[in-house]
>>> print(open('entry_11.txt').read())   # compact mmCIF, C-alpha atoms
# COMPACT_ATOMS: atom_id res chain seq x y z
CA MET R 1 -30.03 1.64 2.14
CA LYS R 2 -26.62 0.08 1.64
CA ILE R 3 -23.42 0.78 3.53
CA ALA R 4 -20.05 -0.05 2.00
CA VAL R 5 -17.27 -1.62 4.07
CA VAL R 6 -14.06 -1.21 2.06
CA ARG R 7 -11.51 -4.01 2.12
CA PHE R 8 -7.82 -3.51 1.41
CA PRO R 9 -5.20 -6.25 1.34
CA GLY R 10 -4.41 -6.48 5.05
CA SER R 11 -7.64 -5.05 6.47
CA ASN R 12 -8.71 -7.26 9.36
CA CYS R 13 -11.60 -5.42 11.05
CA ASP R 14 -13.83 -5.56 8.00
CA GLN R 15 -15.87 -8.46 9.36
CA ASP R 16 -16.39 -6.70 12.70
CA CYS R 17 -17.66 -3.58 10.95
CA LEU R 18 -20.00 -5.61 8.76
CA ARG R 19 -21.35 -7.61 11.70
CA ALA R 20 -21.90 -4.49 13.78
CA LEU R 21 -24.14 -3.23 10.98
CA THR R 22 -25.88 -6.44 9.88
CA ASP R 23 -26.22 -8.20 13.25
CA GLY R 24 -26.19 -5.22 15.56
CA LEU R 25 -28.56 -3.03 13.57
CA GLY R 26 -30.00 -5.25 10.85
CA VAL R 27 -29.04 -2.96 7.96
CA ARG R 28 -27.61 -3.94 4.59
CA ALA R 29 -23.86 -3.71 4.38
CA GLU R 30 -21.50 -5.03 1.71
CA TYR R 31 -17.78 -5.46 1.24
CA VAL R 32 -16.17 -3.34 -1.43
CA TRP R 33 -12.78 -4.53 -2.68
CA HIS R 34 -10.09 -1.88 -3.00
CA LYS R 35 -9.92 -2.36 -6.76
CA GLU R 36 -13.53 -1.25 -7.32
CA THR R 37 -13.71 2.11 -9.02
CA SER R 38 -16.97 3.46 -7.67
CA VAL R 39 -18.89 3.62 -4.39
CA ALA R 40 -21.69 5.63 -5.96
CA GLY R 41 -24.37 3.04 -5.22
CA TYR R 42 -23.85 3.21 -1.47
CA ASP R 43 -25.15 5.60 1.16
CA ALA R 44 -22.13 5.58 3.46
CA VAL R 45 -18.61 4.17 3.49
CA ILE R 46 -16.75 2.56 6.38
CA LEU R 47 -12.96 2.22 6.23
CA PRO R 48 -12.17 -0.57 8.70
CA GLY R 49 -9.06 -1.15 10.76
CA GLY R 50 -6.17 -3.48 10.09
CA PHE R 51 -2.81 -3.31 8.39
CA SER R 52 -3.59 -2.33 4.82
CA TYR R 53 -0.68 -3.14 2.53
CA GLY R 54 1.21 -4.31 5.58
CA ASP R 55 1.63 -0.69 6.74
CA TYR R 56 4.42 -0.49 4.18
CA LEU R 57 6.04 2.94 3.71
CA ARG R 58 3.57 4.51 6.18
CA CYS R 59 0.27 3.30 7.59
CA GLY R 60 -2.41 3.87 4.97
CA ALA R 61 0.01 5.54 2.56
CA ILE R 62 -0.45 3.07 -0.27
CA ALA R 63 -4.17 2.49 0.41
CA ALA R 64 -4.74 6.20 -0.14
CA PHE R 65 -3.87 5.69 -3.81
CA SER R 66 -6.06 2.65 -4.45
CA PRO R 67 -8.84 2.97 -7.06
CA VAL R 68 -11.66 2.78 -4.53
CA MET R 69 -10.25 5.68 -2.50
CA GLN R 70 -10.40 8.00 -5.49
CA SER R 71 -14.13 7.34 -5.61
CA VAL R 72 -14.48 7.68 -1.81
CA ILE R 73 -12.73 11.07 -1.90
CA LYS R 74 -15.11 12.35 -4.58
CA ALA R 75 -18.12 10.98 -2.68
CA ALA R 76 -16.94 12.57 0.57
CA GLN R 77 -16.59 15.91 -1.16
CA THR R 78 -20.25 15.68 -2.19
CA GLY R 79 -21.32 14.94 1.38
CA MET R 80 -21.47 11.14 1.68
CA PRO R 81 -20.74 10.01 5.27
CA VAL R 82 -17.34 8.35 5.52
CA PHE R 83 -16.25 6.66 8.74
CA GLY R 84 -12.58 5.73 9.17
CA ILE R 85 -11.71 3.45 12.09
CA CYS R 86 -8.08 3.02 13.18
CA ASN R 87 -6.30 2.16 9.91
CA GLY R 88 -9.25 3.87 8.17
CA PHE R 89 -8.44 7.06 10.10
CA GLN R 90 -4.82 6.75 8.98
CA ILE R 91 -5.95 6.35 5.36
CA LEU R 92 -8.26 9.39 5.61
CA CYS R 93 -5.35 11.50 6.89
CA GLU R 94 -3.10 10.27 4.09
CA THR R 95 -5.69 11.20 1.46
CA GLY R 96 -6.06 14.67 2.93
CA LEU R 97 -9.78 14.31 3.70
CA LEU R 98 -8.78 14.82 7.33
CA ARG R 99 -5.95 17.05 8.42
CA GLY R 100 -2.95 15.96 10.45
CA ALA R 101 -1.27 12.57 10.65
CA LEU R 102 -0.98 9.55 12.93
CA ILE R 103 2.51 8.73 14.17
CA ARG R 104 4.15 6.03 16.27
CA ASN R 105 2.91 5.75 19.85
CA ARG R 106 5.04 7.67 22.29
CA SER R 107 5.84 4.53 24.28
CA LEU R 108 6.81 2.70 21.05
CA LEU R 109 4.50 -0.09 22.24
CA PHE R 110 1.53 -1.59 20.46
CA LEU R 111 -1.35 -0.79 22.77
CA CYS R 112 -4.34 -3.06 23.07
CA GLN R 113 -6.52 -1.81 25.93
CA PRO R 114 -9.85 -0.13 26.68
CA VAL R 115 -9.88 3.66 26.86
CA SER R 116 -12.36 6.28 28.02
CA LEU R 117 -13.44 8.81 25.44
CA LYS R 118 -15.38 12.02 25.80
CA LEU R 119 -17.74 12.89 22.98
CA GLU R 120 -17.34 16.58 22.24
CA ASN R 121 -19.23 17.11 18.99
CA ASN R 122 -22.70 15.66 18.39
CA ARG R 123 -23.30 17.46 15.11
CA THR R 124 -21.89 14.73 12.88
CA PRO R 125 -24.03 11.94 11.33
CA PHE R 126 -22.22 9.49 13.61
CA THR R 127 -22.79 11.25 16.92
CA ARG R 128 -26.23 12.82 16.49
CA LEU R 129 -27.96 10.45 18.86
CA SER R 130 -25.49 11.06 21.68
CA GLU R 131 -25.19 13.83 24.22
CA GLU R 132 -22.16 16.08 24.25
CA GLY R 133 -19.95 15.27 27.18
CA THR R 134 -20.86 11.56 27.29
CA ILE R 135 -18.02 9.30 28.32
CA LEU R 136 -17.72 6.14 26.24
CA SER R 137 -15.53 3.08 26.68
CA MET R 138 -13.95 1.50 23.61
CA PRO R 139 -10.82 -0.54 22.98
CA ILE R 140 -7.78 0.70 21.10
CA ALA R 141 -5.37 -1.57 19.25
CA HIS R 142 -2.61 0.29 17.49
CA GLY R 143 1.10 0.95 17.32
CA GLU R 144 0.85 4.19 15.36
CA GLY R 145 -2.10 6.13 16.69
CA ALA R 146 -0.67 9.34 18.13
CA TYR R 147 -2.43 12.19 16.41
CA TYR R 148 -0.14 14.98 15.27
CA ALA R 149 -0.87 18.29 13.61
CA ASP R 150 1.08 21.53 13.70
CA ASP R 151 0.04 24.32 16.07
CA GLN R 152 -1.90 26.24 13.44
CA THR R 153 -3.93 23.20 12.35
CA LEU R 154 -4.56 22.21 15.95
CA ARG R 155 -5.89 25.64 16.75
CA GLU R 156 -8.22 25.54 13.75
CA LEU R 157 -9.51 22.10 14.69
CA GLU R 158 -10.22 23.09 18.28
CA GLU R 159 -11.87 26.37 17.38
CA GLY R 160 -13.91 24.79 14.60
CA GLY R 161 -15.22 22.07 16.91
CA GLN R 162 -13.70 19.40 14.71
CA VAL R 163 -12.37 17.40 17.64
CA VAL R 164 -15.04 14.75 18.15
CA PHE R 165 -13.45 12.38 20.66
CA ARG R 166 -10.79 12.95 23.28
CA TYR R 167 -8.98 10.55 25.61
CA VAL R 168 -10.13 11.30 29.17
CA ASP R 169 -9.88 9.71 32.59
CA GLN R 170 -12.90 8.38 34.49
CA HIS R 171 -13.78 11.89 35.62
CA GLY R 172 -13.83 13.21 32.08
CA GLN R 173 -10.57 15.16 32.28
CA PRO R 174 -8.08 14.93 29.39
CA THR R 175 -5.06 14.27 31.60
CA PRO R 176 -1.67 13.08 30.31
CA GLU R 177 -2.19 9.79 32.17
CA ALA R 178 -5.41 9.24 30.25
CA ASN R 179 -3.54 9.70 26.96
CA PRO R 180 -2.35 6.24 25.93
CA ASN R 181 -0.29 7.11 22.88
CA GLY R 182 0.92 10.71 23.04
CA SER R 183 -1.71 12.27 20.76
CA ARG R 184 -1.56 16.03 20.76
CA ASN R 185 -4.34 17.51 22.91
CA ASN R 186 -5.46 13.94 23.75
CA ILE R 187 -7.26 13.81 20.40
CA ALA R 188 -8.81 10.43 19.62
CA GLY R 189 -11.03 11.35 16.68
CA ILE R 190 -11.66 14.31 14.40
CA CYS R 191 -14.03 15.25 11.60
CA ASN R 192 -13.78 17.48 8.55
CA PRO R 193 -15.32 20.98 8.55
CA SER R 194 -18.61 19.78 7.06
CA GLY R 195 -18.78 16.91 9.54
CA ASN R 196 -19.52 14.07 7.12
CA VAL R 197 -16.06 12.50 7.39
CA LEU R 198 -15.10 11.11 10.80
CA GLY R 199 -11.89 9.35 11.73
CA ILE R 200 -11.26 7.76 15.13
CA MET R 201 -8.52 5.52 16.45
CA PRO R 202 -10.58 3.44 18.96
CA HIS R 203 -12.75 0.59 17.72
CA PRO R 204 -16.54 0.94 17.86
CA ASP R 205 -16.63 -2.25 15.77
CA ARG R 206 -15.14 -4.08 18.77
CA SER R 207 -17.60 -2.59 21.23
CA TRP R 208 -21.01 -3.05 19.67
CA ASP R 209 -22.28 -5.79 21.94
CA HIS R 210 -22.16 -6.40 25.67
CA ARG R 211 -20.46 -9.74 24.93
CA LEU R 212 -17.49 -7.73 23.64
CA GLY R 213 -17.20 -5.83 26.89
CA SER R 214 -18.85 -2.59 25.84
CA GLU R 215 -21.87 -1.53 23.82
CA ASP R 216 -20.83 2.10 23.46
CA GLY R 217 -19.62 1.70 19.91
CA LEU R 218 -23.01 0.65 18.57
CA GLN R 219 -24.33 4.16 19.19
CA LEU R 220 -22.06 5.53 16.48
CA PHE R 221 -23.36 3.09 13.89
CA ARG R 222 -26.94 3.61 15.08
CA SER R 223 -26.57 7.38 14.63
CA LEU R 224 -25.29 6.85 11.12
CA VAL R 225 -28.20 4.59 10.16
CA ASP R 226 -30.67 6.97 11.77
CA THR R 227 -29.24 9.90 9.81
CA LEU R 228 -29.39 7.99 6.53
CA LEU R 229 -33.00 6.95 7.17
CA SER R 230 -34.07 10.49 8.05
CA VAL R 231 -32.35 11.88 4.97
CA ALA R 232 -33.95 9.28 2.76
CA ALA R 233 -37.40 9.90 4.22
CA MET V 1 36.32 -47.81 10.75
CA HIS V 2 36.63 -49.90 7.68
CA ARG V 3 39.36 -49.54 5.06
CA SER V 4 38.06 -48.64 1.65
CA LEU V 5 37.65 -51.59 -0.66
CA PRO V 6 40.23 -51.99 -3.45
CA ILE V 7 39.15 -50.90 -6.89
CA GLU V 8 39.03 -54.33 -8.39
CA ALA V 9 36.60 -55.42 -5.80
CA GLU V 10 34.45 -52.43 -6.57
CA LEU V 11 34.44 -53.08 -10.26
CA SER V 12 33.42 -56.60 -9.80
CA SER V 13 30.71 -55.83 -7.31
CA PRO V 14 27.24 -56.38 -8.62
CA THR V 15 25.97 -52.96 -7.56
CA LYS V 16 24.79 -50.53 -10.20
CA ARG V 17 26.79 -47.37 -10.17
CA PHE V 18 26.07 -44.04 -11.66
CA SER V 19 27.60 -40.65 -11.35
CA PHE V 20 26.07 -37.27 -10.94
CA ALA V 21 27.93 -34.00 -10.68
CA GLY V 22 31.14 -35.79 -10.07
CA LEU V 23 29.85 -37.82 -7.14
CA GLU V 24 29.41 -41.55 -7.39
CA PHE V 25 26.20 -43.08 -6.23
CA HIS V 26 25.76 -46.74 -5.53
CA SER V 27 22.41 -48.42 -5.61
CA GLY V 28 21.63 -51.98 -4.69
CA LYS V 29 24.14 -53.35 -2.24
CA SER V 30 24.51 -50.31 -0.12
CA SER V 31 25.55 -51.97 3.09
CA SER V 32 29.05 -52.86 1.96
CA PHE V 33 29.82 -49.26 1.15
CA SER V 34 28.25 -47.56 4.10
CA SER V 35 30.61 -45.95 6.56
CA SER V 36 33.58 -47.22 4.59
CA SER V 37 35.37 -44.97 2.22
CA SER V 38 33.72 -41.85 3.40
CA SER V 39 35.37 -41.94 6.77
CA SER V 40 38.72 -43.05 5.46
CA ARG V 41 38.89 -40.36 2.82
CA GLY V 42 37.51 -37.66 5.05
CA CYS V 43 34.58 -37.17 2.71
CA PHE V 44 31.82 -35.02 4.07
CA LEU V 45 29.10 -37.29 2.70
CA PRO V 46 28.71 -40.52 4.61
CA GLY V 47 27.49 -43.76 3.24
CA LEU V 48 26.58 -44.26 -0.35
CA VAL V 49 28.10 -41.31 -2.04
CA ARG V 50 31.83 -41.29 -2.63
CA PRO V 51 33.53 -38.48 -4.53
CA ALA V 52 35.48 -39.72 -7.51
CA ALA V 53 39.23 -39.19 -7.34
CA ALA V 54 40.95 -37.74 -10.36
CA GLY V 55 43.78 -40.25 -10.44
CA ARG V 56 41.73 -43.32 -11.07
CA LEU V 57 39.39 -42.01 -13.68
CA ALA V 58 40.31 -44.16 -16.63
CA SER V 59 40.01 -47.41 -14.82
CA ARG V 60 36.79 -46.53 -13.18
CA SER V 61 35.13 -44.70 -16.00
CA TRP V 62 31.78 -46.26 -16.71
CA GLU V 63 32.27 -46.31 -20.43
CA SER V 64 35.97 -47.17 -20.27
CA GLY V 65 36.60 -44.30 -22.59
CA ARG V 66 37.88 -40.81 -22.02
CA PRO V 67 36.64 -39.28 -18.80
CA ARG V 68 33.42 -37.39 -19.24
CA SER V 69 32.72 -34.13 -17.50
CA TRP V 70 30.51 -35.69 -14.88
CA GLU V 71 33.18 -38.21 -14.02
CA CYS V 72 35.89 -35.67 -13.54
CA GLY V 73 35.46 -35.02 -9.92
CA PHE V 74 33.59 -32.76 -7.61
CA ALA V 75 31.86 -29.87 -9.32
CA HIS V 76 33.82 -26.92 -8.10
CA PRO V 77 35.22 -23.93 -9.91
CA THR V 78 38.77 -24.89 -8.94
CA ASN V 79 38.48 -28.28 -10.63
CA ARG V 80 40.36 -27.73 -13.88
CA LEU V 81 39.25 -31.06 -15.31
CA LEU V 82 35.73 -29.85 -15.73
CA PRO V 83 34.96 -27.93 -18.89
CA LYS V 84 34.23 -24.26 -18.46
CA ARG V 85 30.69 -24.55 -19.69
CA PHE V 86 29.89 -26.72 -16.68
CA PHE V 87 29.96 -23.71 -14.43
CA PHE V 88 27.05 -21.44 -13.79
CA THR V 89 27.07 -18.31 -15.89
CA PRO V 90 24.69 -15.64 -14.75
CA PRO V 91 22.04 -14.62 -17.25
CA LEU V 92 21.99 -11.11 -18.63
CA SER V 93 21.19 -9.04 -15.58
CA PRO V 94 18.33 -6.56 -15.91
CA LEU V 95 20.35 -4.29 -13.68
CA MET V 96 22.61 -3.68 -16.63
CA PHE V 97 19.84 -1.64 -18.20
CA PHE V 98 19.00 0.70 -15.28
CA ALA V 99 21.16 3.69 -15.85
CA VAL V 100 20.14 6.24 -13.22
CA LYS V 101 19.79 5.67 -9.50
CA LEU V 102 18.19 8.13 -7.10
CA GLU V 103 18.01 7.97 -3.36
CA VAL V 104 15.21 9.77 -1.56
CA VAL V 105 15.92 10.41 2.10
CA VAL V 106 12.77 10.87 4.19
CA MET V 107 13.25 12.24 7.69
CA PRO V 108 10.71 13.22 10.35
CA LYS V 109 10.34 16.97 10.80
CA ARG V 110 12.23 18.46 13.70
CA SER V 111 8.99 19.70 15.24
CA VAL V 112 7.57 16.17 15.45
CA LEU V 113 8.47 14.09 18.47
CA ASP V 114 10.35 11.05 17.22
CA PRO V 115 10.14 8.46 20.02
CA GLN V 116 12.11 5.99 17.97
CA GLY V 117 14.92 8.53 17.70
CA VAL V 118 14.78 9.13 21.44
CA ALA V 119 15.05 5.40 22.12
CA VAL V 120 18.03 5.13 19.78
CA ARG V 121 19.63 8.16 21.38
CA ASN V 122 19.35 6.59 24.83
CA ALA V 123 20.90 3.40 23.54
CA VAL V 124 23.75 5.33 21.90
CA ARG V 125 24.43 7.11 25.17
CA GLU V 126 24.43 3.82 27.04
CA LEU V 127 26.99 2.47 24.61
CA GLY V 128 29.43 5.27 25.31
CA LEU V 129 28.78 8.34 23.16
CA ALA V 130 27.78 10.67 25.97
CA ASN V 131 27.75 13.84 23.94
CA VAL V 132 25.15 12.69 21.41
CA GLY V 133 22.39 15.23 20.90
CA THR V 134 19.30 14.71 18.84
CA VAL V 135 18.86 11.44 17.02
CA ARG V 136 16.20 11.01 14.37
CA VAL V 137 15.35 7.88 12.44
CA GLY V 138 14.22 8.15 8.83
CA LYS V 139 14.23 6.02 5.72
CA ILE V 140 15.93 5.86 2.34
CA ILE V 141 14.02 4.86 -0.77
CA GLU V 142 16.14 3.86 -3.73
CA LEU V 143 14.72 4.23 -7.22
CA GLU V 144 16.44 2.89 -10.31
CA PHE V 145 15.42 4.23 -13.71
CA THR V 146 16.09 3.28 -17.30
CA GLY V 147 17.11 6.49 -18.93
CA GLU V 148 16.55 9.95 -17.49
CA PRO V 149 13.58 10.33 -15.14
CA ASP V 150 11.19 13.29 -15.32
CA GLU V 151 12.26 15.73 -12.56
CA ALA V 152 8.85 17.26 -12.01
CA LYS V 153 7.21 13.86 -11.74
CA ILE V 154 9.80 12.68 -9.24
CA ASP V 155 9.04 15.67 -7.01
CA GLU V 156 5.33 14.95 -7.26
CA ILE V 157 5.82 11.29 -6.34
CA CYS V 158 8.04 12.27 -3.41
CA ARG V 159 5.51 14.80 -2.14
CA ASP V 160 2.44 12.60 -2.59
CA LEU V 161 3.59 9.08 -1.90
CA LEU V 162 7.08 8.74 -0.49
CA CYS V 163 6.83 11.57 2.04
CA ASN V 164 3.95 12.69 4.23
CA GLN V 165 4.54 16.41 4.30
CA VAL V 166 2.64 16.84 7.56
CA ILE V 167 5.29 14.95 9.49
CA GLU V 168 8.24 14.39 7.16
CA ASP V 169 10.69 16.18 4.89
CA TYR V 170 12.46 14.65 1.93
CA ARG V 171 15.62 15.31 0.01
CA ILE V 172 16.88 13.62 -3.11
CA LEU V 173 20.43 12.34 -3.37
CA GLY V 174 21.27 11.63 -6.97
CA ALA V 175 23.73 8.80 -7.10
CA GLY V 176 24.19 9.45 -10.78
CA PRO V 177 24.72 6.89 -13.51
CA LYS V 178 25.63 3.44 -12.26
>>> encode(input="entry_11.txt", output="structure tokens")
Amino acid sequence: MKIAVVRFPGSNCDQDCLRALTDGLGVRAEYVWHKETSVAGYDAVILPGGFSYGDYLRCGAIAAFSPVMQSVIKAAQTGMPVFGICNGFQILCETGLLRGALIRNRSLLFLCQPVSLKLENNRTPFTRLSEEGTILSMPIAHGEGAYYADDQTLRELEEGGQVVFRYVDQHGQPTPEANPNGSRNNIAGICNPSGNVLGIMPHPDRSWDHRLGSEDGLQLFRSLVDTLLSVAA
Amino acid sequence: MHRSLPIEAELSSPTKRFSFAGLEFHSGKSSSFSSSSSSSRGCFLPGLVRPAAAGRLASRSWESGRPRSWECGFAHPTNRLLPKRFFFTPPLSPLMFFAVKLEVVVMPKRSVLDPQGVAVRNAVRELGLANVGTVRVGKIIELEFTGEPDEAKIDEICRDLLCNQVIEDYRILGAGPK
């Protein structure tokens, strides 16, 4: 089993993602440079965070057209699990694999702080091992992470159960105060209708070990590995 | 402040002199020339370098012949003693060959909250325009083409790359031939 961690010029969370997999879980993971034309030999793809292409034009706009993403899109359409974290989520929205877009934080500030998330959908490969309603703590680090979609799209996402993570306070309520960046409906992460593509703004790759302040992120990677092993078996 | 040394003294001095770009450089005995003529002539370069003056060219010319271009004074476009070819001529500019320029204006949709626009609006109000309404901040992308660009392809590029249609609208301003 091999998991691909894609690297774009400007990605800076690639090492964290790789270490979460190799050191945290002991599975094989490899870097895939953005110029590669195929991810067919891998079982899952992680799109790490960072500032791909310097966030020129729009965050993730240019990365969406790189050769490797054409292969990732085809693989996602056949059901391969694809996990976009922060900049990876922005890239997935730009490619159209996930609906909506990420815009500038409402406060116009770059936010680097821990947030509380409620897990609302445990039917994706990344959340299978968790209970619905669990509250997780992960850090965010972004300047453009406010999720936006028009009313129609938002309704479809909510009704289809495609909202996977939501910003909540310590009691589990999605209050405006718990929303750090102005995302519509306090959305922190969504998946596609078939559930194999997940994009979230917070960083599970920065919360996979107690030394990093939180271990809640490791559960997402563990679920993914568990799903791949059970599918392979 | 020392007076500048007379020319005869300079010619007889044992220092080696050479000129570059109309400025005289003196190697060897530098101490006798430091802080001398530069301050008296109001030259902007202290010490060793002393700009050559046009009037005394013949006597000070290194080859005692006709003044050469590099001995004719400070390299400046207004110096008529320097031949024209001394001045910088720009190479053929590639911009000569780009005939058509398009500007694509990308603005956030009205339904999207634009916090940057709100911040700018507040600043504009602070600066005195009290009746300012909505302010939105977008971007302009300029594209220069050789020859006529393909209209359909431009629209595709605008829709796919330059504009994110979930949150932005675009319009094309043709600036026409340059």
>>> interface_residues(input="entry_11.txt", of="chain R", to="chain V", cutoff="8 Å", atoms="only C-alpha atoms", output="list in words")
Leu57, Ala61, Ile62, Glu94, Gly100, Ala101, Arg104, Asn105, Arg106, Ser107, Leu108, Tyr148, Ala149 and Asp150 of chain R
>>> closest_residue(input="entry_11.txt", among="R:Gly79, R:Gly213, R:Pro204, R:Gly60", to="Leu102 (chain R)", atoms="all atoms listed in the file")
R:Gly60
>>> closest_residue(input="entry_11.txt", among="R:Met201, R:Val225, R:Ala4, R:Cys191", to="Val115 (chain R)", atoms="all atoms listed in the file")
R:Met201
>>> closest_residue(input="entry_11.txt", among="R:His203, R:Arg58, R:Glu131, R:Gly96", to="Gly138 (chain V)", atoms="only C-alpha atoms")
R:Arg58
>>> closest_residue(input="entry_11.txt", among="R:Gly143, R:Ser116, R:Leu218, R:Asn196", to="Asn179 (chain R)", atoms="only C-alpha atoms")
R:Ser116
